$ cat work.cif   # mmCIF, C-alpha atoms
data_work
#
loop_
_atom_site.label_atom_id
_atom_site.label_comp_id
_atom_site.auth_asym_id
_atom_site.auth_seq_id
_atom_site.Cartn_x
_atom_site.Cartn_y
_atom_site.Cartn_z
CA MET K 242 0.00 0.00 0.00
CA THR K 243 1.40 3.38 -0.98
CA LEU K 244 1.42 6.36 1.35
CA ASP K 245 -1.15 8.20 -0.77
CA VAL K 246 -3.64 5.34 -0.49
CA LEU K 247 -3.03 5.00 3.24
CA GLU K 248 -3.45 8.74 3.72
CA SER K 249 -6.72 8.86 1.76
CA LYS K 250 -8.18 6.00 3.81
CA PHE K 251 -7.00 7.61 7.05
CA TRP K 252 -8.64 10.96 6.35
CA ALA K 253 -11.79 9.29 5.05
CA ILE K 254 -12.26 7.72 8.48
CA ALA K 255 -10.79 10.42 10.74
CA ALA K 256 -12.56 13.34 9.06
CA GLN K 257 -15.84 11.69 8.16
CA PRO K 258 -18.96 13.89 8.53
CA ASN K 259 -20.36 14.04 12.04
CA ASP K 260 -24.07 14.77 12.06
CA THR K 261 -24.54 13.92 15.73
CA ASP K 262 -26.42 16.52 17.72
CA CYS K 263 -24.46 16.96 20.96
CA SER K 264 -26.75 19.51 22.57
CA ASP K 265 -28.38 16.90 24.82
CA VAL K 266 -25.35 14.63 25.25
CA ASP K 267 -23.48 14.47 28.54
CA GLY K 268 -19.70 14.48 28.33
CA VAL K 269 -17.46 15.30 25.37
CA CYS K 270 -18.96 15.47 21.90
CA PRO K 271 -17.16 13.43 19.21
CA LEU K 272 -14.60 15.53 17.34
CA ARG K 273 -13.38 15.48 13.77
CA CYS K 274 -9.76 15.65 12.65
CA ASP K 275 -10.54 18.40 10.15
CA SER K 276 -11.42 20.76 13.01
CA VAL K 277 -9.20 23.81 13.25
CA ASP K 278 -8.36 23.28 16.94
CA ILE K 279 -7.56 19.57 16.54
CA ALA K 280 -4.32 18.07 15.19
CA CYS K 281 -4.31 14.41 14.18
CA TYR K 282 -1.23 12.32 13.52
CA MET K 283 -0.38 8.78 12.59
CA ILE K 284 3.03 7.87 13.97
CA ASP K 285 5.07 4.68 13.94
CA ASN K 286 6.59 2.77 16.84
CA ASN K 287 9.68 5.00 16.77
CA GLY K 288 7.76 8.26 16.95
CA PHE K 289 8.09 9.31 13.32
CA VAL K 290 5.12 10.96 11.65
CA ILE K 291 3.48 9.00 8.84
CA ILE K 292 0.40 11.18 8.26
CA SER K 293 -0.36 14.72 9.37
CA LYS K 294 -2.44 17.70 8.29
CA GLN K 295 0.81 19.40 7.42
CA ARG K 296 2.38 17.28 4.72
CA ASN K 297 5.81 18.68 5.58
CA ASP K 298 5.58 16.89 8.94
CA ALA K 299 5.66 13.46 7.28
CA GLY K 300 8.96 11.73 8.00
CA ARG K 301 9.84 14.02 10.91
CA PHE K 302 10.27 12.90 14.49
CA PHE K 303 7.16 13.87 16.45
CA GLY K 304 9.24 15.21 19.36
CA GLU K 305 10.55 17.94 17.06
CA ILE K 306 6.98 18.97 16.21
CA ASP K 307 5.46 18.85 19.71
CA GLY K 308 7.92 18.46 22.55
CA SER K 309 5.23 18.71 25.24
CA VAL K 310 3.25 15.67 24.12
CA MET K 311 6.33 13.57 23.39
CA THR K 312 7.85 14.42 26.78
CA THR K 313 4.62 13.37 28.49
CA LEU K 314 4.45 10.10 26.54
CA ILE K 315 8.01 9.30 27.66
CA ARG K 316 7.19 10.09 31.28
CA MET K 317 4.07 7.90 31.11
CA GLY K 318 6.12 4.99 29.81
CA MET K 319 4.49 4.76 26.38
CA PHE K 320 7.85 5.51 24.76
CA LYS K 321 11.28 4.77 26.14
CA ARG K 322 14.57 6.35 25.20
CA VAL K 323 17.36 4.18 23.82
CA SER K 324 20.90 5.41 23.12
CA LEU K 325 22.50 4.40 19.82
CA PHE K 326 26.13 4.85 18.83
CA ASP K 327 27.83 5.58 15.53
CA TYR K 328 31.46 4.51 15.55
CA GLN K 329 32.14 5.75 12.00
CA ALA K 330 30.93 9.33 12.29
CA MET K 331 32.71 12.52 11.24
CA CYS K 332 32.83 15.51 13.59
CA LYS K 333 34.01 19.08 13.20
CA MET K 334 37.47 19.57 14.61
CA ASN K 335 37.55 21.99 17.50
CA SER K 336 40.66 24.17 17.43
CA HIS K 337 40.54 24.40 21.24
CA SER K 338 40.08 20.68 21.83
CA VAL K 339 43.80 19.92 21.87
CA SER K 340 45.02 19.06 25.33
CA SER K 341 47.30 21.61 26.95
CA ALA K 342 49.59 18.78 28.04
CA ARG K 343 50.20 17.58 24.50
CA PRO K 344 53.15 19.93 23.78
CA LEU K 345 54.87 18.47 26.85
CA LEU K 346 55.14 15.12 25.07
CA SER K 347 57.76 16.57 22.74
CA PRO K 348 59.68 19.87 22.96
CA PHE K 349 59.68 20.06 19.16
CA TYR K 350 55.87 19.81 18.80
CA GLY K 351 55.45 23.52 18.09
CA LEU K 352 58.34 23.61 15.62
CA ALA K 353 57.10 20.50 13.83
CA SER K 354 53.58 21.95 13.53
CA ALA K 355 54.88 25.21 12.09
CA LEU K 356 57.09 23.36 9.60
CA LYS K 357 54.22 21.10 8.56
CA TRP K 358 51.98 24.11 8.00
CA PHE K 359 54.61 25.88 5.90
CA LEU K 360 55.35 22.84 3.72
CA SER K 361 51.68 22.06 3.12
CA ASN K 362 50.88 25.61 2.07
CA PHE K 363 54.02 25.83 -0.06
CA LEU K 364 53.17 22.61 -1.90
CA LEU K 365 49.62 23.82 -2.39
CA PHE K 366 51.00 27.03 -3.89
CA LEU K 367 53.23 25.08 -6.29
CA LEU K 368 50.36 22.89 -7.41
CA GLU K 369 47.94 25.72 -8.04
CA PHE K 370 50.39 28.24 -9.47
CA ASN K 371 50.83 28.02 -13.24
CA PHE K 372 54.54 28.68 -13.99
CA CYS K 373 53.97 28.31 -17.71
CA GLY K 374 51.62 31.26 -17.63
CA PHE K 375 54.15 33.47 -15.87
CA TRP K 376 54.93 35.25 -19.16
CA HIS K 377 51.23 35.84 -19.85
CA THR K 378 49.59 38.38 -17.61
CA GLU K 379 46.05 37.03 -17.98
CA HIS K 380 47.19 33.52 -16.99
CA PHE K 381 49.11 34.90 -14.06
CA VAL K 382 46.04 36.73 -12.83
CA ASP K 383 43.91 33.59 -13.23
CA ALA K 384 46.39 31.50 -11.28
CA LYS K 385 46.62 34.08 -8.53
CA ALA K 386 42.83 34.37 -8.29
CA SER K 387 42.43 30.61 -8.26
CA PHE K 388 44.93 30.29 -5.46
CA SER K 389 43.20 33.02 -3.45
CA VAL K 390 39.73 31.51 -3.88
CA SER K 391 40.94 28.01 -3.02
CA SER K 392 42.79 29.22 0.05
CA ALA K 393 39.79 31.21 1.24
CA HIS K 394 37.50 28.23 0.70
CA LYS K 395 39.88 26.02 2.66
CA LYS K 396 39.89 28.46 5.55
CA ARG K 397 36.10 28.77 5.57
CA GLY K 398 35.47 25.03 5.21
CA ASP K 399 34.96 22.86 8.27
CA ILE K 400 37.71 20.37 9.01
CA LEU K 401 36.26 16.96 9.84
CA GLN K 402 37.84 14.15 11.78
CA PRO K 403 36.68 10.60 12.64
CA CYS K 404 34.79 10.36 15.90
CA ASP K 405 32.17 8.41 17.84
CA THR K 406 28.71 9.90 18.31
CA GLU K 407 25.70 9.08 20.45
CA TYR K 408 22.16 9.84 19.35
CA PRO K 409 18.80 9.05 20.94
CA SER K 410 16.13 6.72 19.63
CA PHE K 411 12.64 6.19 20.99
CA VAL K 412 10.74 2.90 21.03
CA TYR K 413 7.04 2.35 21.68
CA GLU K 414 6.07 0.13 24.60
CA PRO K 415 3.36 -2.18 23.12
CA SER K 416 1.91 -3.06 26.52
CA VAL K 417 0.35 0.45 26.65
CA LYS K 418 -2.52 0.33 24.16
CA GLU K 419 -4.10 3.68 24.95
CA THR K 420 -3.46 6.72 27.10
CA ASN K 421 -4.45 10.36 27.48
CA SER K 422 -3.43 13.31 29.57
CA ILE K 423 -3.73 17.06 30.09
CA ILE K 424 -0.61 19.24 29.89
CA LYS K 425 -0.63 22.54 31.76
CA CYS K 426 1.12 25.23 29.74
CA GLY K 427 0.79 28.53 31.55
CA ARG K 428 -2.56 30.08 30.62
CA CYS K 429 -3.85 27.10 28.67
CA GLN K 430 -4.12 23.34 28.88
CA LYS K 431 -3.37 20.88 26.09
CA MET K 432 -5.29 17.64 25.96
CA PHE K 433 -4.28 14.65 23.89
CA VAL K 434 -5.19 11.02 23.41
CA VAL K 435 -3.22 8.26 21.72
CA GLN K 436 -4.33 4.79 20.70
CA GLN K 437 -2.60 1.86 19.09
CA ILE K 438 -3.95 0.91 15.67
CA PRO K 439 -4.78 -2.82 15.89
CA ASP K 440 -2.55 -5.31 14.05
CA SER K 441 0.08 -2.71 13.21
CA ASN K 442 3.04 -0.82 14.64
CA LEU K 443 1.19 2.49 14.18
CA LEU K 444 -0.41 4.88 16.66
CA MET K 445 -3.27 7.34 16.27
CA LEU K 446 -2.56 10.60 18.08
CA VAL K 447 -5.09 13.42 18.53
CA VAL K 448 -3.81 16.67 20.06
CA GLN K 449 -5.47 19.94 21.02
CA ALA K 450 -3.84 22.39 18.63
CA ASP K 451 -4.91 25.75 20.09
CA CYS K 452 -2.55 25.60 23.11
CA ASP K 453 1.12 26.42 22.54
CA CYS K 454 3.47 24.74 25.02
CA SER K 455 6.75 25.43 23.20
CA LYS K 456 8.00 27.83 25.90
CA GLN K 457 7.58 25.27 28.68
CA TYR K 458 8.58 22.21 26.63
CA PRO K 459 11.34 22.62 24.02
CA PRO K 460 11.44 20.27 21.03
CA ILE K 461 13.06 16.88 21.47
CA THR K 462 15.70 16.51 18.79
CA MET K 463 17.70 13.52 17.63
CA GLU K 464 20.91 15.43 16.97
CA PRO K 465 23.99 13.28 17.56
CA LYS K 466 26.54 14.30 20.18
CA GLU K 467 30.23 13.49 20.08
CA VAL K 468 31.39 10.98 22.66
CA LYS K 469 34.36 12.29 24.67
CA TYR K 470 36.70 9.67 26.04
CA ILE K 471 38.89 10.34 29.08
CA LEU K 472 42.23 8.63 28.55
#
$ encode --input "work.cif" --output "structure tokens"
Amino acid sequence: MTLDVLESKFWAIAAQPNDTDCSDVDGVCPLRCDSVDIACYMIDNNGFVIISKQRNDAGRFFGEIDGSVMTTLIRMGMFKRVSLFDYQAMCKMNSHSVSSARPLLSPFYGLASALKWFLSNFLLFLLEFNFCGFWHTEHFVDAKASFSVSSAHKKRGDILQPCDTEYPSFVYEPSVKETNSIIKCGRCQKMFVVQQIPDSNLLMLVVQADCDCSKQYPPITMEPKEVKYIL
């Protein structure tokens, strides 16, 4: 089944016409997902959005969209956090990350670093400089400009180095079939309800959309963090 077919079936059920007269009904009147103050999501067992009113939300982690609801689901035990590691990652090199004790390993460390820098830049100059065009002014200008642009790009570019990173992952606890809660966010309250879709790894999530809790609950991101080892 393609995503378009699944989405059409989902909205056909979730936003079907509701002709029920709730004037004489005690309790909460049934709501529709096409209501302005209601946000409906279909998420998988790792918290990623499959279907949403906003098509740009598809494929995103739900914690990045609504940190308040995701934080509450984690606290209630419906989702649990699992740490994953990438041992083949590339990280930006921090110029201040070098240990202050490293120069003590060798008294010639500073001299060797300066010599290495000079030789590398000199070789780069020889490779990019066109000696054959020395007698032609336009070629000389081109070579000089090329060297300047390449050097500037090298300075602006980020230097990467191999590293280990840790990033979070979230897994649904299948023993919790359904839950709901009310989140207090200053002057408003956000209600939500989540149910497991039978015979699948998907969840139906309905959230009150007219209460903004972003100030009290920041988004939950899955950005990796470099692992620092103490040797």
$ resolve_selection --input "work.cif" --expression "the PyMOL selection byres ((chain K and resi 333) around 9)" --output "list in words"
Met331, Cys332, Met334, Asn335, Asp399, Ile400, Leu401, Gln402 and Pro403 of chain K
$ write_last_selection --input "work.cif" --atoms "C-alpha atoms" --output "compact mmCIF listing (two decimals), in the coordinates of the input"
# COMPACT_ATOMS: atom_id res chain seq x y z
CA MET K 331 32.71 12.52 11.24
CA CYS K 332 32.83 15.51 13.59
CA MET K 334 37.47 19.57 14.61
CA ASN K 335 37.55 21.99 17.50
CA ASP K 399 34.96 22.86 8.27
CA ILE K 400 37.71 20.37 9.01
CA LEU K 401 36.26 16.96 9.84
CA GLN K 402 37.84 14.15 11.78
CA PRO K 403 36.68 10.60 12.64
$ closest_residue --input "work.cif" --among "K:Ala299, K:Ile315, K:Val323, K:Ile291" --to "Val417 of chain K" --atoms "all atoms listed in the file"
K:Ile315
$ resolve_selection --input "work.cif" --expression "the PyMOL selection byres ((chain K and resi 456) around 10)" --output "list in words"
Gly308, Ser309, Cys426, Gly427, Asp453, Cys454, Ser455, Gln457, Tyr458, Pro459 and Pro460 of chain K
$ atom_distance --input "work.cif" --atom1 "atom CA of Leu444 of chain K" --atom2 "atom CA of Pro465 of chain K"
25.8 Å
$ closest_residue --input "work.cif" --among "K:Ile423, K:Ile292, K:Asn286, K:Gln436" --to "Val246 of chain K" --atoms "only C-alpha atoms"
K:Ile292
$ atom_distance --input "work.cif" --atom1 "atom CA of Met319 of chain K" --atom2 "atom CA of Glu407 of chain K"
22.4 Å
$ closest_residue --input "work.cif" --among "K:Val310, K:Ile424, K:Met283, K:Leu325" --to "Ser441 of chain K" --atoms "only C-alpha atoms"
K:Met283
$ closest_residue --input "work.cif" --among "K:Thr243, K:Ser249, K:Gln329, K:Gln295" --to "Asp405 of chain K" --atoms "only C-alpha atoms"
K:Gln329
$ atom_distance --input "work.cif" --atom1 "atom CA of Asn287 of chain K" --atom2 "atom CA of Leu314 of chain K"
12.2 Å
$ resolve_selection --input "work.cif" --expression "the PyMOL selection byres ((chain K and resi 302-306) around 8)" --output "number ranges by chain"
K: 284, 288-290, 298, 300-301, 307-312, 460-462
$ residues_near_point --input "work.cif" --point "(-6.9, 5.0, 21.0)" --cutoff "9 Å" --atoms "all atoms listed in the file" --output "list in words"
Lys418, Glu419, Thr420, Asn421, Val434, Val435, Gln436, Gln437, Ile438, Leu444, Met445, Leu446 and Val447 of chain K
